[in-house]
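**Q** I'd like to ask some things about the structure below.
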Amino acid sequence: MKLSALRNFDAYARAEEHLTTQTLSGALVSVTGFALMLLLFASELTQFWQPLKMHEMTVDATRDERLQINVNLTFPALPCSLLSLDALDMSGKHEVDIGGYLHKTMLDASGKRMPLTVEKTNQEERNQRQGAFGGPNANPVKNIMDSLRAREGCNIAGRLEVQRVAGNFHVSVHSQSFHVLEAVFRDARDVNVSHMIHSLSFGPEFPGAVNPLDGTDRIMKEEEGSGTFKYFLKVVPTTYSSLKGPEIPTNQFSVTEYYMPATERGSQLPAVYFMYDLFPITVSIKEESRSLGHFLTRMCAVVGGVFAVSGMLDRLVYRLMKQLEPKAC
């Protein structure tokens, strides 16, 4: 065996020519590789500071008897004196014209807020609202007709608390008697329940929450008639635990929609229903910090990978340039 064969076991092989010769193409590859390293480093660092969100599902053992519903709805074609928000649940509780934390705001034809805001808190204020501008003893038919001619609308915003059982809440024109409604509308198709759902949620907000009905518009033209909208909501109990804050008990929901057109002789007046049911499984979302060792490992992979790819690219460009150089005679 010749001594020259031992050179095959040299662990410190000499660098190739393209690595020891400074060229313009090599400088461009190096600068590009360095910029790519910085970009990937910034991306990994941003991801490292964002907490991981771990999801877990368990059987719902909540015994809280109240469910908070946050609403922000606009009805551009019906005045506040006509609208009523009612709630009904499976326990048999039926609340008509719910007050409390709900507020009604009168809107003009352009959708801007009018000076008079109706806040529903007790029977006296509801009587004043029904009388609109003329006081509690005013003619409700005349006031409603004047509001419809002026194309007034109404915004309903706030929150309501209901029993933690399946049920529904709906917005309709039931705040007035049947005789008043009969004098105002020719038939059910004239009750235009066009609406905009600015926001609808169950419980407190939490980071990353997605409410599928937010921003929903259902505007109906006069020639199309009207009808009843029904939104079927599947409410999923959720707990959110952040790294720095307390645990937030809240809810998420999914939705399907159904529309039933009104008929000339129909007995049911158009309305907007939100039918909700509670899912028996709780989703727990917990924030966890990312591992420093995992971050360092990824950074080593980024640096090594970019360095290796840059070296291969530099060698390819160098050899290509060598082949393109004119040979000396």
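Convention: chains lettered A, B, ... in structure tokens order; per-chain residue numbering from 1; ligands numbered from 1 as shown.
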Which residues are near Phe48 in chain A? Cut-off 9 Å, only C-alpha atoms, ignore same chain within fewer than 6 positions. Put them as a list in words.
**A**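 My list of contacting residues is Ser289, Arg290, Ser291, Leu292 and Phe295 of chain A.
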**Q** Next, write the just-selected residues to a file, as a PDB file, in the first residue's frame, keeping N, CA and C atoms as the atom set.
**A**
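Final output, saved to out-v3.pdb:
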ATOM      1  N   SER A 289     -45.735  28.819  26.269  1.00  0.00           N
ATOM      2  CA  SER A 289     -44.553  29.440  25.686  1.00  0.00           C
ATOM      3  C   SER A 289     -43.757  28.410  24.892  1.00  0.00           C
ATOM      4  N   ARG A 290     -43.079  28.852  23.862  1.00  0.00           N
ATOM      5  CA  ARG A 290     -42.287  27.960  23.026  1.00  0.00           C
ATOM      6  C   ARG A 290     -40.944  27.651  23.687  1.00  0.00           C
ATOM      7  N   SER A 291     -40.383  26.501  23.379  1.00  0.00           N
ATOM      8  CA  SER A 291     -39.127  26.046  23.976  1.00  0.00           C
ATOM      9  C   SER A 291     -37.947  26.798  23.370  1.00  0.00           C
ATOM     10  N   LEU A 292     -37.025  27.274  24.236  1.00  0.00           N
ATOM     11  CA  LEU A 292     -35.818  27.952  23.765  1.00  0.00           C
ATOM     12  C   LEU A 292     -34.917  26.982  23.002  1.00  0.00           C
ATOM     13  N   PHE A 295     -36.156  26.629  19.538  1.00  0.00           N
ATOM     14  CA  PHE A 295     -35.828  27.811  18.745  1.00  0.00           C
ATOM     15  C   PHE A 295     -34.379  27.777  18.285  1.00  0.00           C
TER      16      PHE A 295
END
**Q** Work out how far apart CA of Pro204 in chain A and CA of Val235 in chain A are and give it in Å to one decimal.
**A**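 So the two atoms, CA of Pro204 in chain A and CA of Val235 in chain A, lie 13.5 Å apart.
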**Q** May I ask which of the residues A:Leu233, A:Leu39, A:Ile285, A:Val184 is the closest one to Leu200 in chain A, counting only C-alpha atoms?
**A**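 Smallest distance to Leu200 in chain A is found for A:Leu233.
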**Q** Taking into account only C-alpha atoms, which residue in the set A:Pro246, A:Gly208, A:Gly227, A:Gly215 is nearest to Arg189 in chain A?
**A** A:Gly227
**Q** If you measure from CA of Leu78 in chain A to CA of His195 in chain A, what distance in Å do you get, rounded to one decimal?
**A**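 These two atoms are separated by 9.4 Å.
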